[in-house]
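Colleague: Data file work-v2.txt (compact mmCIF, C-alpha atoms and all ligand atoms) is appended below.
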# COMPACT_ATOMS: atom_id res chain seq x y z
CA MET A 1 0.00 0.00 0.00
CA LEU A 2 1.24 3.45 -0.89
CA PRO A 3 0.25 6.58 1.04
CA ALA A 4 -2.95 8.27 -0.10
CA ALA A 5 -1.00 11.54 -0.38
CA TRP A 6 0.84 10.03 -3.37
CA ASP A 7 -2.35 9.26 -5.33
CA GLY A 8 -2.04 10.43 -8.92
CA ARG A 9 1.60 11.42 -8.55
CA LEU A 10 3.31 8.21 -9.69
CA ARG A 11 3.25 7.18 -13.31
CA LEU A 12 5.00 3.95 -12.39
CA PRO A 13 5.54 2.16 -9.04
CA VAL A 14 9.24 3.01 -9.13
CA ILE A 15 11.93 4.67 -7.03
CA ALA A 16 15.06 5.82 -8.89
CA ALA A 17 17.36 4.46 -6.16
CA PRO A 18 19.95 6.56 -4.32
CA MET A 19 23.52 6.03 -5.54
CA THR A 20 26.78 7.38 -4.18
CA ALA A 21 28.49 9.69 -6.69
CA VAL A 22 25.74 9.00 -9.26
CA SER A 23 22.48 10.62 -8.08
CA GLY A 24 22.31 14.40 -7.68
CA PRO A 25 19.75 17.15 -8.18
CA ASP A 26 19.48 16.76 -11.99
CA LEU A 27 18.59 13.08 -11.72
CA VAL A 28 16.12 13.70 -8.88
CA ILE A 29 14.38 16.57 -10.70
CA ALA A 30 14.10 14.57 -13.92
CA ALA A 31 12.81 11.47 -12.10
CA CYS A 32 10.18 13.33 -10.05
CA ALA A 33 9.05 15.37 -13.05
CA SER A 34 8.68 12.13 -15.04
CA GLY A 35 6.46 10.54 -12.38
CA VAL A 36 8.82 8.22 -10.49
CA ILE A 37 10.20 8.85 -7.00
CA GLY A 38 13.61 10.53 -7.25
CA SER A 39 16.23 10.01 -4.57
CA PHE A 40 19.84 10.73 -3.70
CA PRO A 41 22.15 10.00 -0.75
CA THR A 42 22.61 13.11 1.39
CA HIS A 43 26.35 12.35 1.49
CA ASN A 44 26.59 13.10 -2.25
CA ALA A 45 26.38 16.76 -1.25
CA PRO A 46 29.87 17.67 0.00
CA SER A 47 28.51 19.66 2.98
CA VAL A 48 25.23 20.34 4.78
CA GLU A 49 25.15 23.79 3.17
CA VAL A 50 25.39 22.26 -0.30
CA LEU A 51 22.70 19.75 0.66
CA GLU A 52 20.42 22.66 1.56
CA GLN A 53 21.18 24.34 -1.78
CA TRP A 54 20.44 21.10 -3.67
CA LEU A 55 17.12 20.65 -1.88
CA GLY A 56 16.23 24.29 -2.53
CA ARG A 57 16.95 23.87 -6.23
CA ILE A 58 14.99 20.63 -6.46
CA ARG A 59 12.00 22.27 -4.79
CA THR A 60 12.12 25.40 -6.95
CA GLU A 61 12.55 23.57 -10.25
CA LEU A 62 9.86 20.99 -9.52
CA GLY A 63 7.57 23.76 -8.23
CA SER A 64 7.88 25.74 -11.46
CA ALA A 65 7.89 22.81 -13.91
CA ASP A 66 5.02 22.71 -16.37
CA LEU A 67 3.67 19.23 -15.62
CA ASP A 68 0.31 17.57 -16.07
CA ARG A 69 0.50 16.03 -12.58
CA VAL A 70 1.92 16.90 -9.17
CA PRO A 71 5.59 15.79 -9.22
CA ALA A 72 6.49 12.48 -7.60
CA PRO A 73 7.91 12.67 -4.05
CA VAL A 74 11.55 13.55 -3.38
CA ALA A 75 13.39 11.00 -1.22
CA ALA A 76 16.75 11.29 0.53
CA ASN A 77 18.95 8.40 1.60
CA LEU A 78 20.50 8.85 5.01
CA ILE A 79 23.28 6.60 6.24
CA VAL A 80 22.28 6.07 9.85
CA HIS A 81 25.49 4.27 10.85
CA ARG A 82 27.47 6.01 13.60
CA SER A 83 30.36 6.62 11.18
CA ASN A 84 28.19 9.27 9.51
CA ALA A 85 29.11 12.42 11.47
CA ARG A 86 26.59 14.48 9.45
CA ARG A 87 23.62 12.27 10.21
CA ASP A 88 21.65 14.63 12.46
CA ALA A 89 22.48 17.80 10.53
CA ASP A 90 21.53 16.11 7.23
CA LEU A 91 18.27 14.88 8.77
CA GLU A 92 17.35 18.41 9.79
CA ALA A 93 18.26 19.74 6.35
CA CYS A 94 15.96 17.12 4.77
CA VAL A 95 13.08 18.17 7.00
CA ARG A 96 13.62 21.86 6.22
CA GLY A 97 14.09 21.10 2.52
CA GLY A 98 10.71 19.43 2.03
CA VAL A 99 11.88 15.83 1.58
CA GLU A 100 8.82 13.56 1.82
CA LEU A 101 10.62 10.24 2.36
CA VAL A 102 13.90 9.30 4.04
CA ILE A 103 15.46 5.94 3.22
CA ALA A 104 17.64 4.81 6.12
CA SER A 105 20.54 2.55 5.23
CA VAL A 106 23.54 0.93 6.89
CA GLY A 107 22.42 0.57 10.50
CA SER A 108 19.29 0.62 12.63
CA PRO A 109 16.66 3.25 11.74
CA LYS A 110 15.38 3.44 15.31
CA ASP A 111 16.94 6.81 16.20
CA VAL A 112 15.64 8.62 13.13
CA VAL A 113 12.04 7.39 12.99
CA ALA A 114 10.62 9.63 15.76
CA PRO A 115 12.14 12.95 14.62
CA LEU A 116 11.15 12.28 11.01
CA HIS A 117 7.62 11.21 11.87
CA ASP A 118 7.23 14.28 14.08
CA ALA A 119 8.06 16.36 11.01
CA GLY A 120 5.63 14.41 8.81
CA VAL A 121 8.36 12.62 6.82
CA LEU A 122 7.96 8.93 5.93
CA VAL A 123 10.81 6.51 6.71
CA TYR A 124 11.80 3.40 4.78
CA ALA A 125 14.71 1.18 5.84
CA ASP A 126 17.02 -1.09 3.84
CA VAL A 127 16.81 -4.72 4.94
CA ALA A 128 18.62 -7.84 3.76
CA SER A 129 17.32 -10.53 6.13
CA LEU A 130 14.18 -11.38 8.10
CA ARG A 131 16.03 -10.33 11.26
CA HIS A 132 16.51 -6.87 9.75
CA VAL A 133 12.82 -6.86 8.78
CA ASP A 134 11.72 -7.52 12.36
CA LEU A 135 14.09 -4.88 13.79
CA ALA A 136 13.04 -2.21 11.28
CA SER A 137 9.38 -3.07 11.71
CA ALA A 138 9.71 -2.78 15.52
CA ALA A 139 11.37 0.62 15.03
CA GLY A 140 8.15 1.79 13.35
CA VAL A 141 9.28 2.42 9.77
CA ASP A 142 6.67 2.98 7.06
CA GLY A 143 8.31 0.75 4.48
CA LEU A 144 11.11 -1.69 3.82
CA VAL A 145 13.56 -1.77 0.93
CA LEU A 146 14.38 -5.43 0.33
CA LEU A 147 17.96 -5.70 -0.90
CA THR A 148 18.27 -8.92 -2.87
CA ALA A 149 20.99 -10.83 -4.72
CA GLY A 150 22.33 -9.03 -7.77
CA ALA A 151 21.63 -5.48 -6.56
CA GLY A 152 24.20 -2.85 -7.49
CA GLY A 153 26.39 -1.42 -4.75
CA GLN A 154 25.77 -2.84 -1.31
CA THR A 155 23.85 -5.95 -2.13
CA GLY A 156 21.64 -8.49 -0.44
CA TRP A 157 21.92 -12.25 -0.83
CA ALA A 158 18.29 -13.39 -0.51
CA ASN A 159 16.38 -14.62 -3.53
CA PRO A 160 13.79 -11.95 -4.44
CA PHE A 161 10.90 -14.40 -4.93
CA ALA A 162 11.43 -16.03 -1.53
CA PHE A 163 12.23 -12.76 0.25
CA VAL A 164 9.17 -10.77 -0.87
CA ARG A 165 6.83 -13.65 -0.07
CA ALA A 166 8.40 -14.22 3.36
CA VAL A 167 8.23 -10.51 4.23
CA ARG A 168 4.63 -10.18 3.01
CA GLU A 169 3.62 -12.89 5.48
CA ARG A 170 4.83 -10.87 8.46
CA TYR A 171 4.70 -7.21 7.39
CA ASP A 172 1.84 -5.17 5.97
CA GLY A 173 3.64 -1.85 5.35
CA THR A 174 5.09 -0.75 2.04
CA ILE A 175 7.54 -3.18 0.44
CA VAL A 176 10.09 -1.96 -2.09
CA LEU A 177 12.01 -4.59 -4.06
CA ALA A 178 15.64 -3.84 -4.94
CA GLY A 179 17.96 -5.86 -7.11
CA GLY A 180 18.20 -6.66 -10.79
CA ILE A 181 15.18 -4.70 -12.09
CA SER A 182 15.84 -2.78 -15.31
CA ASP A 183 12.63 -2.86 -17.33
CA GLY A 184 8.85 -2.82 -17.35
CA ALA A 185 8.59 -6.61 -17.01
CA GLY A 186 10.63 -6.46 -13.81
CA ILE A 187 8.45 -3.66 -12.44
CA ALA A 188 5.26 -5.59 -13.24
CA ALA A 189 6.75 -8.75 -11.65
CA THR A 190 7.49 -6.75 -8.50
CA GLU A 191 3.78 -6.04 -8.12
CA VAL A 192 2.76 -9.61 -8.94
CA LEU A 193 5.02 -10.82 -6.13
CA GLY A 194 3.25 -8.56 -3.64
CA ALA A 195 5.68 -5.66 -3.36
CA ASP A 196 4.51 -2.07 -3.84
CA LEU A 197 7.47 -0.39 -5.51
CA ALA A 198 10.48 -1.37 -7.58
CA TYR A 199 13.88 0.18 -6.73
CA LEU A 200 16.00 0.74 -9.83
CA GLY A 201 19.61 1.77 -9.33
CA THR A 202 21.95 0.40 -12.00
CA ARG A 203 19.53 1.28 -14.85
CA PHE A 204 19.75 4.97 -13.84
CA ILE A 205 23.60 5.07 -13.79
CA ALA A 206 23.43 5.12 -17.59
CA THR A 207 21.21 8.19 -18.01
CA GLN A 208 21.98 11.68 -19.25
CA GLU A 209 21.29 13.21 -15.84
CA SER A 210 23.48 10.88 -13.76
CA LEU A 211 26.73 12.15 -12.24
CA ALA A 212 28.63 9.06 -13.46
CA SER A 213 31.55 9.77 -15.80
CA PRO A 214 31.14 8.94 -19.51
CA GLU A 215 33.64 6.05 -19.06
CA TYR A 216 31.66 4.54 -16.17
CA ARG A 217 28.37 4.85 -18.08
CA ALA A 218 29.95 3.23 -21.14
CA ALA A 219 31.29 0.37 -19.00
CA VAL A 220 27.79 -0.23 -17.56
CA VAL A 221 26.28 -0.25 -21.06
CA ALA A 222 28.94 -2.67 -22.35
CA ALA A 223 28.71 -5.08 -19.38
CA THR A 224 26.53 -8.15 -18.89
CA LEU A 225 25.76 -9.83 -15.60
CA ASP A 226 28.79 -12.07 -16.08
CA ASP A 227 30.91 -8.91 -15.67
CA ILE A 228 29.76 -8.23 -12.08
CA THR A 229 31.71 -9.35 -8.99
CA THR A 230 30.58 -9.32 -5.37
CA SER A 231 33.40 -7.93 -3.26
CA ARG A 232 34.02 -6.77 0.29
CA GLN A 233 37.01 -4.72 -0.73
CA VAL A 234 35.23 -1.40 -1.21
CA SER A 235 33.78 -0.84 2.25
CA GLY A 236 33.97 -4.11 4.15
CA LEU A 237 30.34 -4.89 3.26
CA GLU A 238 29.43 -7.06 0.28
CA ALA A 239 28.96 -4.87 -2.79
CA ASN A 240 28.44 -5.61 -6.47
CA VAL A 241 30.90 -3.83 -8.76
CA LEU A 242 32.12 -4.07 -12.33
CA THR A 243 34.80 -6.78 -12.43
CA SER A 244 36.97 -4.75 -14.82
CA TRP A 245 37.09 -1.84 -12.35
CA LEU A 246 37.94 -4.17 -9.46
CA GLN A 247 40.75 -5.78 -11.44
CA SER A 248 42.20 -2.41 -12.44
CA ARG A 249 42.16 -1.25 -8.81
CA GLU A 250 43.76 -4.49 -7.61
CA ALA A 251 46.48 -4.19 -10.21
CA ALA A 252 47.13 -0.55 -9.29
CA SER A 253 47.25 -1.12 -5.53
CA ASP A 254 48.50 -4.69 -5.28
CA GLY A 255 45.21 -5.76 -3.66
CA ALA A 256 45.52 -3.40 -0.68
CA PHE A 257 42.97 -0.70 -1.49
CA ALA A 258 40.21 -1.70 0.92
CA GLN A 259 38.76 1.44 2.48
CA ASP A 260 37.60 1.33 6.05
CA ARG A 261 35.27 4.28 5.72
CA LEU A 262 32.05 3.63 3.92
CA LEU A 263 31.48 7.23 2.94
CA ALA A 264 34.95 7.55 1.43
CA ALA A 265 34.18 5.05 -1.32
CA ARG A 266 33.25 7.54 -4.04
CA ASP A 267 35.14 6.50 -7.14
CA VAL A 268 33.76 2.98 -7.23
CA TRP A 269 32.23 1.58 -10.40
CA ALA A 270 29.39 -0.20 -8.62
CA ALA A 271 26.71 -1.94 -10.68
CA GLY A 272 24.41 -4.93 -10.39
CA HIS A 273 23.11 -7.79 -12.51
CA SER A 274 20.70 -5.47 -14.31
CA VAL A 275 23.62 -4.19 -16.41
CA SER A 276 22.37 -6.87 -18.80
CA GLY A 277 19.24 -4.75 -19.34
CA THR A 278 21.12 -1.44 -19.57
CA ASP A 279 22.08 -0.89 -23.18
CA ASP A 280 22.02 2.87 -23.74
CA VAL A 281 22.27 6.28 -22.05
CA PRO A 282 18.83 7.93 -22.47
CA ALA A 283 17.46 11.06 -20.81
CA VAL A 284 15.50 10.06 -17.69
CA ALA A 285 12.20 11.25 -19.27
CA ASP A 286 12.76 8.95 -22.26
CA LEU A 287 13.73 6.05 -20.00
CA VAL A 288 10.55 6.48 -17.93
CA ASP A 289 8.44 6.62 -21.13
CA ARG A 290 10.00 3.35 -22.23
CA LEU A 291 9.59 1.73 -18.81
CA GLU A 292 5.92 2.68 -18.77
CA LYS A 293 5.30 1.25 -22.24
CA ASP A 294 7.06 -2.01 -21.33
CA TYR A 295 5.27 -2.15 -17.98
CA GLN A 296 1.86 -1.79 -19.65
CA SER A 297 2.61 -4.53 -22.16
CA ALA A 298 3.95 -6.80 -19.39
CA ARG A 299 0.73 -6.30 -17.45
CA HIS A 300 -1.48 -6.71 -20.52
CA PRO A 301 0.52 -9.00 -22.82
CA LEU A 302 -2.40 -9.50 -25.24
CA GLY A 303 -3.29 -5.85 -25.47
CA ASP A 304 -6.14 -4.05 -23.81
CA VAL A 305 -8.64 -6.93 -23.90
CA THR A 306 -10.52 -8.65 -21.14
CA ALA A 307 -9.99 -12.34 -20.36
CA SER A 308 -13.40 -13.30 -21.82
CA GLU A 309 -12.61 -11.61 -25.14
CA ARG A 310 -9.37 -13.54 -25.44
CA TYR A 311 -10.96 -16.99 -25.64
C1 LIG B 401 26.67 3.04 -8.07
C2 LIG B 401 25.79 2.69 -6.93
C3 LIG B 401 25.88 3.43 -5.76
C4 LIG B 401 25.01 3.14 -4.69
N1 LIG B 401 25.06 3.92 -3.58
C5 LIG B 401 24.13 3.75 -2.59
C6 LIG B 401 24.05 4.64 -1.49
O1 LIG B 401 24.80 5.60 -1.38
N2 LIG B 401 23.11 4.41 -0.55
C7 LIG B 401 22.24 3.37 -0.64
O2 LIG B 401 21.39 3.21 0.24
N3 LIG B 401 22.30 2.50 -1.67
C8 LIG B 401 23.20 2.69 -2.64
N4 LIG B 401 23.21 1.85 -3.73
C9 LIG B 401 22.19 0.80 -3.83
C10 LIG B 401 20.95 1.30 -4.59
O3 LIG B 401 20.29 2.30 -3.86
C11 LIG B 401 19.97 0.14 -4.88
O4 LIG B 401 19.73 -0.61 -3.72
C12 LIG B 401 20.46 -0.82 -5.96
O5 LIG B 401 21.07 -0.11 -7.00
C13 LIG B 401 19.29 -1.62 -6.52
O6 LIG B 401 19.74 -2.65 -7.35
P1 LIG B 401 20.01 -2.49 -8.94
O7 LIG B 401 21.29 -1.75 -9.04
O8 LIG B 401 20.09 -3.90 -9.37
O9 LIG B 401 18.86 -1.74 -9.52
C14 LIG B 401 24.08 2.08 -4.79
C15 LIG B 401 24.02 1.34 -5.98
C16 LIG B 401 24.85 1.64 -7.05
C17 LIG B 401 24.72 0.85 -8.31
Output the file's structure in the form of structure tokens.
Ligand SMILES: Cc1cc2nc3c(=O)[nH]c(=O)nc-3n(C[C@H](O)[C@H](O)[C@H](O)COP(=O)(O)O)c2cc1C
Modeller:
Amino acid sequence: MLPAAWDGRLRLPVIAAPMTAVSGPDLVIAACASGVIGSFPTHNAPSVEVLEQWLGRIRTELGSADLDRVPAPVAANLIVHRSNARRDADLEACVRGGVELVIASVGSPKDVVAPLHDAGVLVYADVASLRHVDLASAAGVDGLVLLTAGAGGQTGWANPFAFVRAVRERYDGTIVLAGGISDGAGIAATEVLGADLAYLGTRFIATQESLASPEYRAAVVAATLDDITTSRQVSGLEANVLTSWLQSREAASDGAFAQDRLLAARDVWAAGHSVSGTDDVPAVADLVDRLEKDYQSARHPLGDVTASERY
């Protein structure tokens, strides 16, 4: 179930997922204007002041855009782990900046739920196991982002079919499915499974509005899922990255480049299994048009006919 306040604002049940060094204001504005939830990690802004400027720009540009619907909600990803010294200041900036949804990752969301709810902001939390689900649910979050095998960046390991069904049995809030979704068929399958929203990261690396370098975008377009490696070397947590990037870093640093600080890992070429469905670098608006067309034909494979007409 999605909040009633979002009625009519989403063209597709999709969040353009937050990505370190990839998602910034341009991507968020384009996503929200196109009718999918736009998001970015607050740590992509180099300071709290810049974060405030970004949120101000997003608000102004979406407010003045000539759209035929109210723009989709803006979401911010907040790393709630204690290593994030900006956590509380970023949270306050999000509240002041009109963010409607905060996605808590890397750590327990319990400290951020009350202040965000008091300010009327929804909170989703990343989860990768049923233990995480129970902890996040007890902390009172409004939704869960299920990280599953094959997701870009910090990944999960659960099978998406089994994970969504297991979570649906014990949780009736919003479920977002993350990992391996790049097209309309994947978005439609997300709903069939019982989740409410699909979380697409890798597919949005290769867009005109992403902050990724041309070389990184080209590598994502060229890669297939056989070119992805799960590694702990970036941050100590399991993350999916392009194998070619990992090998070049290993060669350059003799295997000793592991960074102990999660937020320092900015030049990583992270990507997930959905590189196989990422074959070009469109503008976000064109990508969302295509996703919607594919989604409609996945939901209605025989066209707009009723079951009785088909037989
Ligand atoms: C390049 C890259 C950077 C990412 N950075 C973050 C991040 O800063 N915070 C976060 O919560 N998730 C991050 N993720 C994970 C995504 O938000 C999302 O869970 C994932 O991309 C979904 O799987 P997909 O890539 O198969 O679509 C990142 C993913 C990628 C590919």
Colleague: Smallest atom-to-atom distance to ligand LIG 401 (chain B): which of A:Leu146, A:Val48, A:Ala138, A:Met1, using all atoms listed in the file?
Modeller: A:Leu146
Colleague: Return the single residue from A:Leu51, A:Ala31, A:Ala125, A:Ala218 that is closest to ligand LIG 401 (chain B), with distances computed using all atoms listed in the file.
Modeller: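 Nearest to ligand LIG 401 (chain B): A:Ala125.
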Colleague: Show me which residues are within 8 Å of ligand LIG 401 (chain B) counting all atoms listed in the file, and format the list as a ChimeraX atom specification.
Modeller: /A:17-22,40-41,43-44,77-79,103-106,126,145,147-148,150-155,178-182,199-203,205,240-241,268-275
Colleague: Residues within 7 Å of (14.7, 15.1, -6.2), file coordinates, counting only C-alpha atoms: what are they? Give the list as a PyMOL selection string.
Modeller: chain A and resi 25+28-29+32+38-39+58+74-75
Colleague: With distances taken over only C-alpha atoms, which residue among A:Ala283, A:Ala45, A:Ala72, A:Leu122 lies nearest Leu12 of chain A?
Modeller: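 Looking at the shortest contact to Leu12 of chain A, the residue is A:Ala72.
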Colleague: Which residue, A:Gln233, A:Asn159, A:Thr278, A:Thr174, has the smallest gap to Asp196 of chain A when you use only C-alpha atoms?
Modeller: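 Nearest candidate to Asp196 of chain A out of A:Gln233, A:Asn159, A:Thr278, A:Thr174: A:Thr174.
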Colleague: Using all atoms of segment 133-142 of chain A that appear in the file, construct an axis-aligned enclosing box with 8 Å of padding on every side and provide its centre coordinates and edge lengths in Å, rounded to one decimal, as JSON.
Modeller:
{"center_x": 10.4, "center_y": -2.3, "center_z": 11.3, "size_x": 23.4, "size_y": 26.5, "size_z": 24.5}
Colleague: Near segment 160-169 of chain A, within 7 Å and counting all atoms listed in the file, which residues show up once chain neighbours fewer than 6 positions away are dropped, as a short mmCIF file (atom, residue, chain, number, x, y, z; two decimals) with C-alpha atoms, keeping the file's coordinate frame?
Modeller:
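Output below, filename out_0.cif:
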data_model
loop_
_atom_site.label_atom_id
_atom_site.label_comp_id
_atom_site.auth_asym_id
_atom_site.auth_seq_id
_atom_site.Cartn_x
_atom_site.Cartn_y
_atom_site.Cartn_z
CA THR A 148 18.27 -8.92 -2.87
CA LEU A 193 5.02 -10.82 -6.13
CA GLY A 194 3.25 -8.56 -3.64
CA ALA A 195 5.68 -5.66 -3.36
#
Colleague: Need to verify the contact set: Glu61 of chain A, 10 Å, all atoms listed in the file, exclusion of same-chain residues closer than 4 positions in sequence. Can you return it as an mmCIF file with C-alpha atoms, in the coordinates of the input?
Modeller:
data_model
loop_
_atom_site.group_PDB
_atom_site.id
_atom_site.type_symbol
_atom_site.label_atom_id
_atom_site.label_comp_id
_atom_site.auth_asym_id
_atom_site.auth_seq_id
_atom_site.Cartn_x
_atom_site.Cartn_y
_atom_site.Cartn_z
ATOM 1 C CA PRO A 25 19.750 17.150 -8.180
ATOM 2 C CA ASP A 26 19.480 16.760 -11.990
ATOM 3 C CA ILE A 29 14.380 16.570 -10.700
ATOM 4 C CA ALA A 30 14.100 14.570 -13.920
ATOM 5 C CA ALA A 33 9.050 15.370 -13.050
ATOM 6 C CA LEU A 55 17.120 20.650 -1.880
ATOM 7 C CA GLY A 56 16.230 24.290 -2.530
ATOM 8 C CA ARG A 57 16.950 23.870 -6.230
ATOM 9 C CA ALA A 65 7.890 22.810 -13.910
ATOM 10 C CA ASP A 66 5.020 22.710 -16.370
#
Colleague: Can you work out the spacing between atom CA of Val127 of chain A and atom CA of Gly277 of chain A in Å, to one decimal?
Modeller: 24.4 Å
